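Right, one structure below, let's go through it.
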Amino acid sequence: MNQEITQLGLSERHFGVLLSPTPRGARLARRLTTAHLLAWDLPSRTIEAAEQVTAELATNAATHGRLSGRDFLLELRRTDDGRVLRIEVTDTRGDRLPGLNPQLPPPDAESGRGLLLVEVLADRWGVTQGPVPRKTVWAELDLVRPVSSLRVNMPN
């Protein structure tokens, strides 16, 4: 499929789109993420983190998961309880899996920091293999922070 964009679905909890495995497709993934998360009325800090995570995952799909004539799939999902945003990028290079423990590249390296950013920004991330020849790299952002992570300044 050589179309630039094919939208698969849109709802208040799910969005999916096929994009070309190119730098332009990766940029479009980020912009579509921003537009849909704004429409879903998510907090700006969540949108900013999701933009960056999507940009990194889509760039990796366009760079490392690219096969001529095969698009990558971007999906955004909110859980039924509204507590988690899941970002998924599926490509057709299931034979090329990212390392789940990304290492800091040398200081003069021009690339190699994308999954480190994903690890820092996402609450969880991972890879799901299949069906052959696909793999899905996913990241989850908690939309509601646990009470234990909130700080309250109480007067003495």
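Labeling convention for the structure tokens: chains A, B, ... as they appear, residues from 1 per chain, ligands from 1 in order of appearance.
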
Hey, what's within 6 Å of stretch 84-88 of chain A if we count only C-alpha atoms and toss same-chain stuff fewer than 5 positions away? As number ranges by chain, please?
A: 74-79, 137-143

Can you pull out every residue within 10 Å of stretch 126-128 of chain A, counting only C-alpha atoms, but drop anything in the same chain fewer than 5 positions away, and send it as a VMD selection string?
chain A and resid 88 to 90 94 97 to 100 118 to 119 134 to 140

Same residues, N, CA, C and O atoms, output as a CSV table (one decimal), in the first residue's frame:
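Saved to result_12.csv:
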chain,number,residue,atom,x,y,z
A,88,GLU,N,0.7,2.5,20.5
A,88,GLU,CA,1.2,1.3,19.8
A,88,GLU,C,1.7,1.7,18.4
A,88,GLU,O,0.9,2.3,17.7
A,89,VAL,N,2.9,1.2,18.0
A,89,VAL,CA,3.3,1.3,16.7
A,89,VAL,C,3.7,-0.1,16.2
A,89,VAL,O,4.6,-0.7,16.8
A,90,THR,N,3.1,-0.5,15.1
A,90,THR,CA,3.3,-1.9,14.6
A,90,THR,C,3.9,-1.7,13.2
A,90,THR,O,3.5,-1.0,12.3
A,94,GLY,N,9.3,-7.9,12.3
A,94,GLY,CA,9.3,-8.6,13.5
A,94,GLY,C,10.6,-9.3,13.8
A,94,GLY,O,10.9,-9.7,14.9
A,97,LEU,N,14.0,-6.7,16.6
A,97,LEU,CA,13.4,-6.3,17.9
A,97,LEU,C,14.3,-5.3,18.6
A,97,LEU,O,15.5,-5.4,18.6
A,98,PRO,N,13.7,-4.3,19.2
A,98,PRO,CA,14.5,-3.3,20.0
A,98,PRO,C,14.9,-3.9,21.3
A,98,PRO,O,14.3,-4.8,21.8
A,99,GLY,N,16.0,-3.5,21.8
A,99,GLY,CA,16.5,-4.0,23.1
A,99,GLY,C,15.6,-3.4,24.2
A,99,GLY,O,15.3,-2.2,24.2
A,100,LEU,N,15.2,-4.2,25.2
A,100,LEU,CA,14.3,-3.7,26.2
A,100,LEU,C,15.1,-3.0,27.4
A,100,LEU,O,14.5,-2.4,28.2
A,118,VAL,N,11.8,7.1,25.5
A,118,VAL,CA,10.5,6.4,25.8
A,118,VAL,C,10.5,5.8,27.2
A,118,VAL,O,9.5,5.9,27.9
A,119,GLU,N,11.7,5.2,27.6
A,119,GLU,CA,11.8,4.7,29.0
A,119,GLU,C,11.5,5.7,30.1
A,119,GLU,O,10.9,5.4,31.1
A,134,ARG,N,5.0,-9.2,11.9
A,134,ARG,CA,4.9,-8.0,12.6
A,134,ARG,C,5.4,-8.0,14.0
A,134,ARG,O,5.6,-9.1,14.6
A,135,LYS,N,5.7,-6.8,14.5
A,135,LYS,CA,5.9,-6.6,15.9
A,135,LYS,C,5.3,-5.2,16.3
A,135,LYS,O,5.1,-4.4,15.4
A,136,THR,N,4.9,-5.1,17.5
A,136,THR,CA,4.3,-3.9,18.0
A,136,THR,C,5.1,-3.4,19.2
A,136,THR,O,5.4,-4.1,20.2
A,137,VAL,N,5.6,-2.2,19.1
A,137,VAL,CA,6.3,-1.5,20.2
A,137,VAL,C,5.2,-0.6,20.9
A,137,VAL,O,4.6,0.2,20.2
A,138,TRP,N,5.0,-0.8,22.1
A,138,TRP,CA,4.0,0.0,22.8
A,138,TRP,C,4.5,0.7,24.0
A,138,TRP,O,5.6,0.3,24.6
A,139,ALA,N,3.8,1.7,24.4
A,139,ALA,CA,4.2,2.5,25.6
A,139,ALA,C,2.9,2.9,26.3
A,139,ALA,O,1.9,3.2,25.6
A,140,GLU,N,2.9,2.9,27.6
A,140,GLU,CA,1.7,3.3,28.4
A,140,GLU,C,2.0,4.5,29.2
A,140,GLU,O,3.1,4.5,29.9

Identify, with DSSP run on backbone atoms, the residues in stretch 12-137 of chain A assigned to helix (DSSP H, G or I), and express the list as a ChimeraX atom specification.
/A:23-39,44-63,114-121

From a DSSP pass on the backbone, collect the residues of chain A flagged as strand (DSSP E or B) and hand them back as JSON, numbers by chain.
{"A": [5, 6, 7, 8, 9, 10, 14, 15, 16, 17, 18, 19, 67, 70, 72, 73, 74, 75, 76, 77, 78, 84, 85, 86, 87, 88, 89, 90, 91, 124, 125, 126, 127, 128, 129, 135, 136, 137, 138, 139, 140, 141, 142]}

Residues just named, written with N, CA and C atoms as a CSV table (one decimal), in the first residue's frame:
chain,number,residue,atom,x,y,z
A,5,ILE,N,-1.7,8.0,3.9
A,5,ILE,CA,-2.4,7.8,5.2
A,5,ILE,C,-3.7,7.0,5.0
A,6,THR,N,-3.9,6.1,5.8
A,6,THR,CA,-5.2,5.3,5.8
A,6,THR,C,-5.7,5.3,7.2
A,7,GLN,N,-6.8,5.9,7.5
A,7,GLN,CA,-7.4,6.0,8.8
A,7,GLN,C,-8.2,4.7,9.0
A,8,LEU,N,-8.0,4.1,10.2
A,8,LEU,CA,-8.7,2.8,10.5
A,8,LEU,C,-9.8,3.0,11.4
A,9,GLY,N,-9.7,4.0,12.3
A,9,GLY,CA,-10.8,4.1,13.2
A,9,GLY,C,-10.7,5.4,14.1
A,10,LEU,N,-11.8,5.8,14.6
A,10,LEU,CA,-11.8,7.0,15.5
A,10,LEU,C,-12.9,6.9,16.4
A,14,HIS,N,-10.3,5.1,21.0
A,14,HIS,CA,-9.4,4.4,20.1
A,14,HIS,C,-9.2,5.2,18.8
A,15,PHE,N,-8.0,5.3,18.3
A,15,PHE,CA,-7.6,5.9,17.0
A,15,PHE,C,-6.6,5.0,16.4
A,16,GLY,N,-6.7,4.7,15.1
A,16,GLY,CA,-5.7,3.9,14.4
A,16,GLY,C,-5.6,4.4,13.0
A,17,VAL,N,-4.3,4.4,12.5
A,17,VAL,CA,-4.1,4.9,11.2
A,17,VAL,C,-2.8,4.2,10.6
A,18,LEU,N,-2.9,3.9,9.3
A,18,LEU,CA,-1.7,3.3,8.6
A,18,LEU,C,-0.9,4.5,8.0
A,19,LEU,N,0.4,4.5,8.2
A,19,LEU,CA,1.2,5.6,7.7
A,19,LEU,C,2.4,5.0,6.9
A,67,LEU,N,9.9,-1.8,5.4
A,67,LEU,CA,10.0,-2.7,4.3
A,67,LEU,C,9.2,-2.0,3.2
A,70,ARG,N,5.2,-1.5,2.6
A,70,ARG,CA,4.5,-1.9,3.8
A,70,ARG,C,4.4,-0.8,4.8
A,72,PHE,N,3.3,1.3,8.4
A,72,PHE,CA,3.3,1.0,9.8
A,72,PHE,C,2.0,1.5,10.4
A,73,LEU,N,1.6,0.9,11.5
A,73,LEU,CA,0.3,1.2,12.1
A,73,LEU,C,0.5,2.0,13.4
A,74,LEU,N,-0.1,3.1,13.5
A,74,LEU,CA,-0.2,3.9,14.8
A,74,LEU,C,-1.5,3.7,15.4
A,75,GLU,N,-1.5,3.3,16.7
A,75,GLU,CA,-2.8,3.2,17.4
A,75,GLU,C,-2.7,3.9,18.8
A,76,LEU,N,-3.7,4.6,19.1
A,76,LEU,CA,-3.8,5.3,20.4
A,76,LEU,C,-5.1,4.7,21.1
A,77,ARG,N,-4.9,4.3,22.3
A,77,ARG,CA,-6.1,3.7,23.0
A,77,ARG,C,-6.1,4.3,24.5
A,78,ARG,N,-7.3,4.5,24.9
A,78,ARG,CA,-7.5,4.8,26.3
A,78,ARG,C,-8.3,3.6,26.9
A,84,VAL,N,-5.4,4.9,31.6
A,84,VAL,CA,-4.1,4.7,30.9
A,84,VAL,C,-4.3,5.0,29.4
A,85,LEU,N,-3.3,5.7,28.9
A,85,LEU,CA,-3.2,5.9,27.4
A,85,LEU,C,-2.1,5.0,26.9
A,86,ARG,N,-2.5,4.2,25.9
A,86,ARG,CA,-1.5,3.2,25.3
A,86,ARG,C,-1.3,3.7,23.9
A,87,ILE,N,0.0,3.8,23.6
A,87,ILE,CA,0.5,4.1,22.2
A,87,ILE,C,1.1,2.9,21.6
A,88,GLU,N,0.7,2.5,20.5
A,88,GLU,CA,1.2,1.3,19.8
A,88,GLU,C,1.7,1.7,18.4
A,89,VAL,N,2.9,1.2,18.0
A,89,VAL,CA,3.3,1.3,16.7
A,89,VAL,C,3.7,-0.1,16.2
A,90,THR,N,3.1,-0.5,15.1
A,90,THR,CA,3.3,-1.9,14.6
A,90,THR,C,3.9,-1.7,13.2
A,91,ASP,N,5.0,-2.5,13.0
A,91,ASP,CA,5.7,-2.5,11.7
A,91,ASP,C,5.8,-4.0,11.3
A,124,ARG,N,5.3,2.5,31.4
A,124,ARG,CA,5.6,1.1,31.0
A,124,ARG,C,5.8,1.1,29.5
A,125,TRP,N,6.7,0.2,29.0
A,125,TRP,CA,6.8,0.0,27.5
A,125,TRP,C,7.3,-1.4,27.3
A,126,GLY,N,7.1,-1.8,26.0
A,126,GLY,CA,7.6,-3.1,25.7
A,126,GLY,C,7.3,-3.5,24.2
A,127,VAL,N,7.5,-4.7,23.9
A,127,VAL,CA,7.4,-5.2,22.5
A,127,VAL,C,6.5,-6.4,22.5
A,128,THR,N,5.6,-6.5,21.6
A,128,THR,CA,4.8,-7.7,21.4
A,128,THR,C,5.1,-8.2,20.0
A,129,GLN,N,5.4,-9.5,19.9
A,129,GLN,CA,5.7,-10.1,18.6
A,129,GLN,C,4.5,-10.7,18.0
A,135,LYS,N,5.7,-6.8,14.5
A,135,LYS,CA,5.9,-6.6,15.9
A,135,LYS,C,5.3,-5.2,16.3
A,136,THR,N,4.9,-5.1,17.5
A,136,THR,CA,4.3,-3.9,18.0
A,136,THR,C,5.1,-3.4,19.2
A,137,VAL,N,5.6,-2.2,19.1
A,137,VAL,CA,6.3,-1.5,20.2
A,137,VAL,C,5.2,-0.6,20.9
A,138,TRP,N,5.0,-0.8,22.1
A,138,TRP,CA,4.0,0.0,22.8
A,138,TRP,C,4.5,0.7,24.0
A,139,ALA,N,3.8,1.7,24.4
A,139,ALA,CA,4.2,2.5,25.6
A,139,ALA,C,2.9,2.9,26.3
A,140,GLU,N,2.9,2.9,27.6
A,140,GLU,CA,1.7,3.3,28.4
A,140,GLU,C,2.0,4.5,29.2
A,141,LEU,N,1.1,5.5,29.3
A,141,LEU,CA,1.2,6.6,30.1
A,141,LEU,C,0.0,6.6,31.1
A,142,ASP,N,0.3,6.6,32.4
A,142,ASP,CA,-0.8,6.7,33.3
A,142,ASP,C,-1.5,8.1,33.3

For A:Glu56, the nearest of the candidates A:Arg30, A:Asp95, A:Pro102, A:Arg13, counting only C-alpha atoms:
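Using only C-alpha atoms, A:Glu56 sits closest to A:Arg30.
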
Skip A:Leu57 itself and residues of its chain fewer than 2 positions away, then list as a list in words all residues within 8 Å of it, counting only C-alpha atoms.
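Residues meeting the cut-off are Val53, Thr54, Ala55, Thr59, Asn60, Ala61, Val89, Gly114, Leu115 and Val137 of chain A.
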
Output for the residues just chosen: N, CA, C and O atoms as a PDB file, in the first residue's frame:
ATOM      1  N   VAL A  53       6.890  10.322  22.737  1.00  0.00           N
ATOM      2  CA  VAL A  53       6.912   8.860  22.656  1.00  0.00           C
ATOM      3  C   VAL A  53       6.499   8.413  21.256  1.00  0.00           C
ATOM      4  O   VAL A  53       7.156   7.571  20.642  1.00  0.00           O
ATOM      5  N   THR A  54       5.424   8.990  20.735  1.00  0.00           N
ATOM      6  CA  THR A  54       4.965   8.642  19.385  1.00  0.00           C
ATOM      7  C   THR A  54       6.032   8.963  18.353  1.00  0.00           C
ATOM      8  O   THR A  54       6.291   8.150  17.455  1.00  0.00           O
ATOM      9  N   ALA A  55       6.652  10.125  18.474  1.00  0.00           N
ATOM     10  CA  ALA A  55       7.700  10.512  17.532  1.00  0.00           C
ATOM     11  C   ALA A  55       8.835   9.492  17.519  1.00  0.00           C
ATOM     12  O   ALA A  55       9.319   9.095  16.450  1.00  0.00           O
ATOM     13  N   THR A  59       9.462   7.036  14.382  1.00  0.00           N
ATOM     14  CA  THR A  59      10.756   7.190  13.704  1.00  0.00           C
ATOM     15  C   THR A  59      11.479   5.853  13.649  1.00  0.00           C
ATOM     16  O   THR A  59      12.062   5.499  12.615  1.00  0.00           O
ATOM     17  N   ASN A  60      11.432   5.099  14.736  1.00  0.00           N
ATOM     18  CA  ASN A  60      12.053   3.772  14.722  1.00  0.00           C
ATOM     19  C   ASN A  60      11.378   2.852  13.711  1.00  0.00           C
ATOM     20  O   ASN A  60      12.051   2.088  13.014  1.00  0.00           O
ATOM     21  N   ALA A  61      10.049   2.916  13.616  1.00  0.00           N
ATOM     22  CA  ALA A  61       9.337   2.081  12.636  1.00  0.00           C
ATOM     23  C   ALA A  61       9.726   2.467  11.220  1.00  0.00           C
ATOM     24  O   ALA A  61       9.921   1.599  10.364  1.00  0.00           O
ATOM     25  N   VAL A  89       2.859   1.188  18.022  1.00  0.00           N
ATOM     26  CA  VAL A  89       3.344   1.322  16.650  1.00  0.00           C
ATOM     27  C   VAL A  89       3.729  -0.072  16.176  1.00  0.00           C
ATOM     28  O   VAL A  89       4.588  -0.727  16.772  1.00  0.00           O
ATOM     29  N   GLY A 114      16.457   7.320  21.348  1.00  0.00           N
ATOM     30  CA  GLY A 114      15.003   7.300  21.264  1.00  0.00           C
ATOM     31  C   GLY A 114      14.330   6.437  22.309  1.00  0.00           C
ATOM     32  O   GLY A 114      13.410   6.883  22.997  1.00  0.00           O
ATOM     33  N   LEU A 115      14.776   5.193  22.450  1.00  0.00           N
ATOM     34  CA  LEU A 115      14.142   4.314  23.431  1.00  0.00           C
ATOM     35  C   LEU A 115      14.474   4.713  24.863  1.00  0.00           C
ATOM     36  O   LEU A 115      13.703   4.421  25.774  1.00  0.00           O
ATOM     37  N   VAL A 137       5.614  -2.178  19.100  1.00  0.00           N
ATOM     38  CA  VAL A 137       6.288  -1.532  20.220  1.00  0.00           C
ATOM     39  C   VAL A 137       5.239  -0.623  20.851  1.00  0.00           C
ATOM     40  O   VAL A 137       4.601   0.171  20.155  1.00  0.00           O
TER      41      VAL A 137
END

Show which residues sit within 7 Å of stretch 36-49 of chain A, as a VMD selection string. Count only C-alpha atoms, and ignore same-chain residues fewer than 3 positions away.
chain A and resid 12 32 to 33 52 to 53 121

Could the residues in this selection be saved with C-alpha atoms as a PDB file, in the first residue's frame?
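Output file out37.pdb follows:
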ATOM      1  CA  GLU A  12     -13.351   8.572  22.128  1.00  0.00           C
ATOM      2  CA  LEU A  32      -2.115  13.072  14.536  1.00  0.00           C
ATOM      3  CA  THR A  33      -1.333  12.051  18.110  1.00  0.00           C
ATOM      4  CA  GLN A  52       7.563  12.565  22.098  1.00  0.00           C
ATOM      5  CA  VAL A  53       6.912   8.860  22.656  1.00  0.00           C
ATOM      6  CA  LEU A 121       8.559   9.355  29.576  1.00  0.00           C
TER       7      LEU A 121
END
